[in-house]
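What follows is final-v6.txt (compact mmCIF, N, CA and C atoms).
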```txt
# COMPACT_ATOMS: atom_id res chain seq x y z
N MET A 238 -36.29 -3.46 9.72
CA MET A 238 -36.28 -2.18 10.40
C MET A 238 -36.33 -2.38 11.90
N CYS A 239 -35.72 -1.43 12.60
CA CYS A 239 -35.74 -1.43 14.05
C CYS A 239 -36.46 -0.17 14.52
N ALA A 240 -36.88 -0.16 15.76
CA ALA A 240 -37.54 1.02 16.32
C ALA A 240 -36.54 1.78 17.16
N SER A 241 -36.62 3.11 17.10
CA SER A 241 -35.77 3.95 17.94
C SER A 241 -36.42 4.05 19.31
N ARG A 242 -35.77 4.75 20.25
CA ARG A 242 -36.32 4.93 21.59
C ARG A 242 -37.65 5.66 21.54
N SER A 243 -37.80 6.51 20.52
CA SER A 243 -39.05 7.26 20.42
C SER A 243 -40.15 6.44 19.75
N GLY A 244 -39.82 5.24 19.34
CA GLY A 244 -40.81 4.39 18.69
C GLY A 244 -40.85 4.54 17.19
N GLN A 245 -40.09 5.51 16.67
CA GLN A 245 -40.05 5.71 15.23
C GLN A 245 -39.18 4.63 14.59
N PRO A 246 -39.60 4.13 13.44
CA PRO A 246 -38.78 3.11 12.78
C PRO A 246 -37.44 3.69 12.30
N ILE A 247 -36.40 2.88 12.41
CA ILE A 247 -35.07 3.26 11.93
C ILE A 247 -34.80 2.43 10.69
N GLU A 248 -34.51 3.09 9.61
CA GLU A 248 -34.18 2.37 8.38
C GLU A 248 -32.68 2.34 8.22
N TYR A 249 -32.16 1.19 7.89
CA TYR A 249 -30.75 1.02 7.64
C TYR A 249 -30.52 0.89 6.15
N ALA A 250 -29.52 1.58 5.67
CA ALA A 250 -29.19 1.47 4.25
C ALA A 250 -28.57 0.10 4.00
N SER A 251 -28.93 -0.48 2.91
CA SER A 251 -28.32 -1.76 2.57
C SER A 251 -27.16 -1.51 1.62
N ILE A 252 -26.14 -2.33 1.75
CA ILE A 252 -25.00 -2.22 0.85
C ILE A 252 -24.77 -3.56 0.18
N GLN A 253 -24.21 -3.50 -0.97
CA GLN A 253 -23.90 -4.71 -1.69
C GLN A 253 -22.38 -4.80 -1.80
N VAL A 254 -21.82 -5.91 -1.35
CA VAL A 254 -20.39 -6.12 -1.43
C VAL A 254 -20.12 -6.95 -2.68
N VAL A 255 -19.29 -6.41 -3.53
CA VAL A 255 -18.93 -7.11 -4.76
C VAL A 255 -17.47 -7.46 -4.67
N GLN A 256 -17.16 -8.71 -4.83
CA GLN A 256 -15.78 -9.16 -4.77
C GLN A 256 -15.21 -9.19 -6.18
N GLU A 257 -14.15 -8.44 -6.39
CA GLU A 257 -13.50 -8.38 -7.70
C GLU A 257 -12.57 -9.57 -7.86
N PRO A 258 -12.32 -10.00 -9.08
CA PRO A 258 -11.34 -11.07 -9.30
C PRO A 258 -9.97 -10.64 -8.77
N ALA A 259 -9.22 -11.60 -8.24
CA ALA A 259 -7.92 -11.30 -7.65
C ALA A 259 -6.93 -10.71 -8.65
N CYS A 260 -7.10 -11.00 -9.93
CA CYS A 260 -6.12 -10.52 -10.90
C CYS A 260 -6.54 -9.22 -11.56
N ALA A 261 -7.63 -8.63 -11.13
CA ALA A 261 -8.10 -7.39 -11.77
C ALA A 261 -7.14 -6.25 -11.46
N LEU A 262 -6.91 -5.41 -12.45
CA LEU A 262 -6.07 -4.24 -12.27
C LEU A 262 -6.93 -3.00 -12.35
N PHE A 263 -6.72 -2.06 -11.47
CA PHE A 263 -7.48 -0.82 -11.44
C PHE A 263 -6.53 0.34 -11.62
N ALA A 264 -7.03 1.44 -12.12
CA ALA A 264 -6.20 2.62 -12.36
C ALA A 264 -5.51 3.03 -11.07
N GLY A 265 -4.22 3.25 -11.14
CA GLY A 265 -3.46 3.70 -9.98
C GLY A 265 -3.00 2.59 -9.06
N GLU A 266 -3.37 1.36 -9.35
CA GLU A 266 -2.99 0.27 -8.48
C GLU A 266 -1.53 -0.09 -8.74
N ASN A 267 -0.79 -0.38 -7.70
CA ASN A 267 0.63 -0.67 -7.81
C ASN A 267 0.86 -2.14 -7.46
N LEU A 268 0.67 -3.01 -8.43
CA LEU A 268 0.89 -4.44 -8.20
C LEU A 268 2.21 -4.81 -8.86
N ILE A 269 3.22 -5.00 -8.04
CA ILE A 269 4.54 -5.33 -8.55
C ILE A 269 4.85 -6.75 -8.16
N GLY A 270 5.30 -7.54 -9.12
CA GLY A 270 5.66 -8.92 -8.84
C GLY A 270 4.44 -9.81 -8.76
N ALA A 271 4.66 -11.02 -8.32
CA ALA A 271 3.60 -12.02 -8.27
C ALA A 271 2.76 -11.92 -7.01
N ASN A 272 3.13 -11.05 -6.08
CA ASN A 272 2.46 -10.95 -4.79
C ASN A 272 1.65 -9.66 -4.72
N PRO A 273 0.35 -9.70 -5.05
CA PRO A 273 -0.44 -8.47 -5.04
C PRO A 273 -0.78 -7.96 -3.65
N MET A 274 -0.35 -8.68 -2.59
CA MET A 274 -0.67 -8.24 -1.23
C MET A 274 0.15 -7.02 -0.83
N ILE A 275 1.35 -6.89 -1.36
CA ILE A 275 2.23 -5.80 -0.95
C ILE A 275 2.33 -4.78 -2.08
N GLU A 276 2.23 -3.53 -1.73
CA GLU A 276 2.33 -2.45 -2.69
C GLU A 276 3.42 -1.49 -2.22
N PHE A 277 3.97 -0.72 -3.16
CA PHE A 277 5.04 0.21 -2.85
C PHE A 277 4.68 1.61 -3.37
N PRO A 278 3.61 2.20 -2.83
CA PRO A 278 3.19 3.51 -3.32
C PRO A 278 4.05 4.66 -2.81
N ASN A 279 4.75 4.46 -1.71
CA ASN A 279 5.57 5.49 -1.09
C ASN A 279 6.97 5.46 -1.70
N HIS A 280 7.35 6.49 -2.41
CA HIS A 280 8.66 6.51 -3.06
C HIS A 280 9.77 7.00 -2.14
N SER A 281 9.46 7.19 -0.86
CA SER A 281 10.49 7.59 0.09
C SER A 281 11.47 6.45 0.29
N ARG A 282 12.72 6.80 0.47
CA ARG A 282 13.75 5.84 0.80
C ARG A 282 14.84 6.60 1.51
N SER A 283 15.65 5.91 2.28
CA SER A 283 16.73 6.57 3.00
C SER A 283 17.90 5.61 3.11
N TYR A 284 19.07 6.18 3.28
CA TYR A 284 20.27 5.35 3.44
C TYR A 284 20.54 5.18 4.93
N ASP A 285 20.69 3.93 5.35
CA ASP A 285 20.97 3.61 6.75
C ASP A 285 22.46 3.26 6.85
N GLN A 286 23.24 4.19 7.39
CA GLN A 286 24.69 4.01 7.47
C GLN A 286 25.06 2.81 8.33
N THR A 287 24.33 2.58 9.42
CA THR A 287 24.64 1.47 10.31
C THR A 287 24.47 0.13 9.61
N ARG A 288 23.39 -0.02 8.87
CA ARG A 288 23.13 -1.28 8.15
C ARG A 288 23.79 -1.33 6.79
N ARG A 289 24.31 -0.18 6.34
CA ARG A 289 24.90 -0.06 5.01
C ARG A 289 23.92 -0.56 3.96
N ALA A 290 22.71 0.04 4.03
CA ALA A 290 21.62 -0.40 3.16
C ALA A 290 20.65 0.76 2.93
N VAL A 291 19.90 0.66 1.85
CA VAL A 291 18.83 1.61 1.58
C VAL A 291 17.55 1.02 2.15
N ARG A 292 16.84 1.83 2.90
CA ARG A 292 15.57 1.40 3.52
C ARG A 292 14.42 1.99 2.71
N PHE A 293 13.40 1.15 2.49
CA PHE A 293 12.17 1.61 1.84
C PHE A 293 11.01 0.84 2.44
N TRP A 294 9.78 1.24 2.11
CA TRP A 294 8.62 0.69 2.78
C TRP A 294 7.61 0.16 1.78
N GLY A 295 6.93 -0.90 2.19
CA GLY A 295 5.82 -1.45 1.43
C GLY A 295 4.59 -1.47 2.32
N HIS A 296 3.42 -1.53 1.68
CA HIS A 296 2.17 -1.52 2.44
C HIS A 296 1.30 -2.69 2.02
N ASP A 297 0.79 -3.38 3.02
CA ASP A 297 -0.14 -4.48 2.85
C ASP A 297 -1.39 -4.07 3.61
N SER A 298 -2.34 -3.51 2.90
CA SER A 298 -3.51 -2.89 3.53
C SER A 298 -3.02 -1.84 4.52
N ALA A 299 -3.36 -1.99 5.79
CA ALA A 299 -2.95 -1.00 6.79
C ALA A 299 -1.59 -1.31 7.40
N LEU A 300 -1.01 -2.46 7.07
CA LEU A 300 0.28 -2.85 7.63
C LEU A 300 1.42 -2.26 6.82
N GLU A 301 2.44 -1.80 7.51
CA GLU A 301 3.63 -1.28 6.83
C GLU A 301 4.80 -2.22 7.12
N ALA A 302 5.55 -2.55 6.09
CA ALA A 302 6.73 -3.41 6.23
C ALA A 302 7.95 -2.64 5.75
N SER A 303 9.05 -2.76 6.49
CA SER A 303 10.30 -2.12 6.11
C SER A 303 11.14 -3.11 5.32
N PHE A 304 11.80 -2.60 4.31
CA PHE A 304 12.70 -3.40 3.49
C PHE A 304 14.06 -2.71 3.46
N PHE A 305 15.11 -3.52 3.44
CA PHE A 305 16.47 -3.01 3.34
C PHE A 305 17.15 -3.73 2.18
N ILE A 306 17.78 -2.97 1.30
CA ILE A 306 18.58 -3.57 0.25
C ILE A 306 20.02 -3.16 0.52
N ASP A 307 20.90 -4.14 0.71
CA ASP A 307 22.27 -3.82 1.11
C ASP A 307 23.12 -3.35 -0.06
N GLU A 308 24.28 -2.82 0.28
CA GLU A 308 25.18 -2.25 -0.72
C GLU A 308 25.59 -3.28 -1.77
N ALA A 309 25.85 -4.51 -1.36
CA ALA A 309 26.27 -5.55 -2.31
C ALA A 309 25.18 -5.82 -3.35
N ALA A 310 23.94 -5.82 -2.90
CA ALA A 310 22.83 -6.03 -3.84
C ALA A 310 22.71 -4.87 -4.81
N LEU A 311 22.88 -3.66 -4.30
CA LEU A 311 22.81 -2.48 -5.18
C LEU A 311 23.96 -2.49 -6.19
N ARG A 312 25.15 -2.92 -5.76
CA ARG A 312 26.28 -3.02 -6.69
C ARG A 312 26.05 -4.11 -7.72
N ARG A 313 25.34 -5.17 -7.34
CA ARG A 313 25.07 -6.24 -8.30
C ARG A 313 24.14 -5.74 -9.41
N ILE A 314 23.11 -4.98 -9.04
CA ILE A 314 22.17 -4.53 -10.07
C ILE A 314 22.64 -3.27 -10.79
N GLN A 315 23.58 -2.54 -10.16
CA GLN A 315 24.16 -1.38 -10.84
C GLN A 315 25.65 -1.30 -10.46
N PRO A 316 26.48 -2.05 -11.20
CA PRO A 316 27.91 -2.16 -10.86
C PRO A 316 28.66 -0.83 -10.83
N ASP A 317 28.20 0.17 -11.60
CA ASP A 317 28.90 1.45 -11.64
C ASP A 317 28.42 2.44 -10.59
N ALA A 318 27.64 1.98 -9.61
CA ALA A 318 27.13 2.88 -8.56
C ALA A 318 28.30 3.42 -7.73
N ARG A 319 28.25 4.71 -7.45
CA ARG A 319 29.27 5.31 -6.57
C ARG A 319 29.12 4.71 -5.18
N PRO A 320 30.24 4.39 -4.51
CA PRO A 320 30.18 3.74 -3.18
C PRO A 320 29.98 4.74 -2.04
N ASP A 321 28.91 5.54 -2.14
CA ASP A 321 28.57 6.46 -1.06
C ASP A 321 27.05 6.59 -1.00
N GLU A 322 26.56 7.31 -0.01
CA GLU A 322 25.12 7.43 0.20
C GLU A 322 24.39 7.90 -1.06
N SER A 323 24.89 8.94 -1.67
CA SER A 323 24.26 9.48 -2.87
C SER A 323 24.25 8.46 -4.01
N GLY A 324 25.35 7.75 -4.17
CA GLY A 324 25.44 6.75 -5.22
C GLY A 324 24.47 5.59 -5.01
N TYR A 325 24.34 5.14 -3.78
CA TYR A 325 23.44 4.02 -3.50
C TYR A 325 21.98 4.44 -3.63
N LEU A 326 21.66 5.66 -3.22
CA LEU A 326 20.29 6.14 -3.39
C LEU A 326 19.95 6.29 -4.87
N SER A 327 20.91 6.76 -5.64
CA SER A 327 20.71 6.88 -7.09
C SER A 327 20.52 5.51 -7.73
N ALA A 328 21.33 4.54 -7.32
CA ALA A 328 21.19 3.17 -7.84
C ALA A 328 19.81 2.61 -7.49
N PHE A 329 19.34 2.89 -6.29
CA PHE A 329 18.00 2.45 -5.89
C PHE A 329 16.95 3.07 -6.80
N ASP A 330 17.04 4.39 -7.00
CA ASP A 330 16.05 5.10 -7.81
C ASP A 330 16.03 4.57 -9.25
N CYS A 331 17.18 4.29 -9.80
CA CYS A 331 17.26 3.82 -11.19
C CYS A 331 16.73 2.39 -11.36
N ASN A 332 16.70 1.64 -10.27
CA ASN A 332 16.31 0.22 -10.34
C ASN A 332 15.13 -0.10 -9.44
N ARG A 333 14.35 0.91 -9.14
CA ARG A 333 13.24 0.77 -8.20
C ARG A 333 12.28 -0.36 -8.56
N ASP A 334 11.88 -0.48 -9.83
CA ASP A 334 10.92 -1.52 -10.21
C ASP A 334 11.45 -2.92 -9.94
N ALA A 335 12.70 -3.17 -10.30
CA ALA A 335 13.30 -4.50 -10.07
C ALA A 335 13.44 -4.77 -8.57
N ILE A 336 13.79 -3.74 -7.80
CA ILE A 336 13.95 -3.89 -6.36
C ILE A 336 12.60 -4.18 -5.70
N CYS A 337 11.56 -3.46 -6.10
CA CYS A 337 10.23 -3.70 -5.53
C CYS A 337 9.70 -5.08 -5.93
N ALA A 338 10.01 -5.53 -7.14
CA ALA A 338 9.59 -6.87 -7.57
C ALA A 338 10.27 -7.93 -6.70
N ALA A 339 11.55 -7.75 -6.42
CA ALA A 339 12.27 -8.70 -5.55
C ALA A 339 11.71 -8.65 -4.13
N ALA A 340 11.37 -7.45 -3.66
CA ALA A 340 10.80 -7.30 -2.31
C ALA A 340 9.45 -8.00 -2.22
N ALA A 341 8.65 -7.90 -3.27
CA ALA A 341 7.33 -8.56 -3.28
C ALA A 341 7.48 -10.08 -3.21
N LYS A 342 8.55 -10.61 -3.79
CA LYS A 342 8.78 -12.07 -3.77
C LYS A 342 9.15 -12.57 -2.39
N VAL A 343 9.86 -11.77 -1.59
CA VAL A 343 10.28 -12.23 -0.27
C VAL A 343 9.25 -11.92 0.82
N TYR A 344 8.30 -11.06 0.52
CA TYR A 344 7.32 -10.65 1.51
C TYR A 344 6.35 -11.78 1.85
N VAL A 345 6.10 -11.95 3.14
CA VAL A 345 5.10 -12.90 3.63
C VAL A 345 4.22 -12.13 4.61
N ARG A 346 2.93 -12.08 4.33
CA ARG A 346 2.00 -11.28 5.15
C ARG A 346 2.11 -11.63 6.63
N GLY A 347 2.31 -10.58 7.43
CA GLY A 347 2.33 -10.73 8.88
C GLY A 347 3.52 -11.49 9.43
N SER A 348 4.48 -11.83 8.58
CA SER A 348 5.59 -12.65 9.01
C SER A 348 6.56 -11.91 9.93
N ARG A 349 6.97 -10.71 9.53
CA ARG A 349 7.92 -9.95 10.33
C ARG A 349 7.84 -8.48 9.95
N GLY A 350 8.52 -7.66 10.70
CA GLY A 350 8.46 -6.23 10.46
C GLY A 350 9.38 -5.71 9.39
N SER A 351 10.50 -6.42 9.15
CA SER A 351 11.42 -5.95 8.13
C SER A 351 12.01 -7.12 7.34
N TYR A 352 12.44 -6.80 6.13
CA TYR A 352 12.96 -7.79 5.21
C TYR A 352 14.26 -7.28 4.62
N ASP A 353 15.24 -8.17 4.46
CA ASP A 353 16.53 -7.80 3.89
C ASP A 353 16.66 -8.38 2.49
N LEU A 354 17.03 -7.52 1.55
CA LEU A 354 17.33 -7.96 0.20
C LEU A 354 18.86 -7.95 0.05
N VAL A 355 19.38 -9.07 -0.42
CA VAL A 355 20.82 -9.21 -0.61
C VAL A 355 21.11 -9.54 -2.07
N ALA A 356 22.38 -9.59 -2.42
CA ALA A 356 22.77 -9.81 -3.83
C ALA A 356 22.14 -11.07 -4.40
N ALA A 357 21.97 -12.11 -3.60
CA ALA A 357 21.38 -13.36 -4.09
C ALA A 357 19.93 -13.20 -4.54
N ASN A 358 19.26 -12.13 -4.12
CA ASN A 358 17.88 -11.89 -4.55
C ASN A 358 17.80 -11.33 -5.97
N PHE A 359 18.96 -11.03 -6.58
CA PHE A 359 18.95 -10.42 -7.91
C PHE A 359 19.72 -11.23 -8.93
```

Please lay out the structure from this file as structure tokens.
Amino acid sequence: MCASRSGQPIEYASIQVVQEPACALFAGENLIGANPMIEFPNHSRSYDQTRRAVRFWGHDSALEASFFIDEAALRRIQPDARPDESGYLSAFDCNRDAICAAAAKVYVRGSRGSYDLVAANF
């Protein structure tokens, strides 16, 4: 205990930190692939015409990483995808789990701000 300016004792609450096993799964946790550091809870995605790729985001604690999957990669995982923005976004949505698993494999904590997924990743 410490004393306050008025001389009254100050009590601090004690906390116990419990470290869970690294492989534990909790309700609502989004662990995709072998890399539990990156999660993909945000289902937002957008088509980037300049890069000709679908952009999506992953989160590693408070850090956000951008991922881009190019048109060739989307055509590899869904050959019948329409070759336009709507078609590529639909292909992404239909194959989201496989795409996020590939993204988790290429992610390296703190390495860079964005990652590119290409056909060779699938």

- Nearest to Glu301 (chain A): which of A:Gly350, A:Met274, A:Asn279, A:Asp317 is it, counting only N, CA and C atoms? A:Gly350

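Proximity ranking of A:Arg349, A:Ala318, A:Val355, A:Cys337 relative to Ala290 (chain A) places A:Val355 first, based on only C-alpha atoms.
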
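Nearest residue to Arg292 (chain A) among A:Ala356, A:Ala328, A:Ala341, A:Ile306 is A:Ile306, counting only N, CA and C atoms.
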
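Reported to one decimal place, the separation of atom N of Gly295 (chain A) from atom C of Arg312 (chain A) is 21.8 Å.
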
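Near Arg346 (chain A), within 8 Å and counting all atoms listed in the file, sit Met274, Ile275, Asp297, Val343, Tyr344, Ser348 and Arg349 of chain A; same-chain residues fewer than 2 positions away were not included.
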
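Of the residues listed (A:Ile336, A:Ser327, A:Val345, A:Arg282), A:Val345 shows the shortest atom-to-atom separation from Leu300 (chain A); distances use only C-alpha atoms.
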
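Take CA of Asn358 (chain A) and CA of Ala299 (chain A): the distance between them is 26.1 Å.
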
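Going from CA of Ala357 (chain A) to atom C of Arg288 (chain A) covers 16.4 Å.
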
- Taking (10.5, -4.2, -8.8) in the file's coordinates, which residues come within 12 Å, counting only C-alpha atoms, written as a PyMOL selection string? chain A and resi 267-272+275-278+295+314+329-343+354+358-359
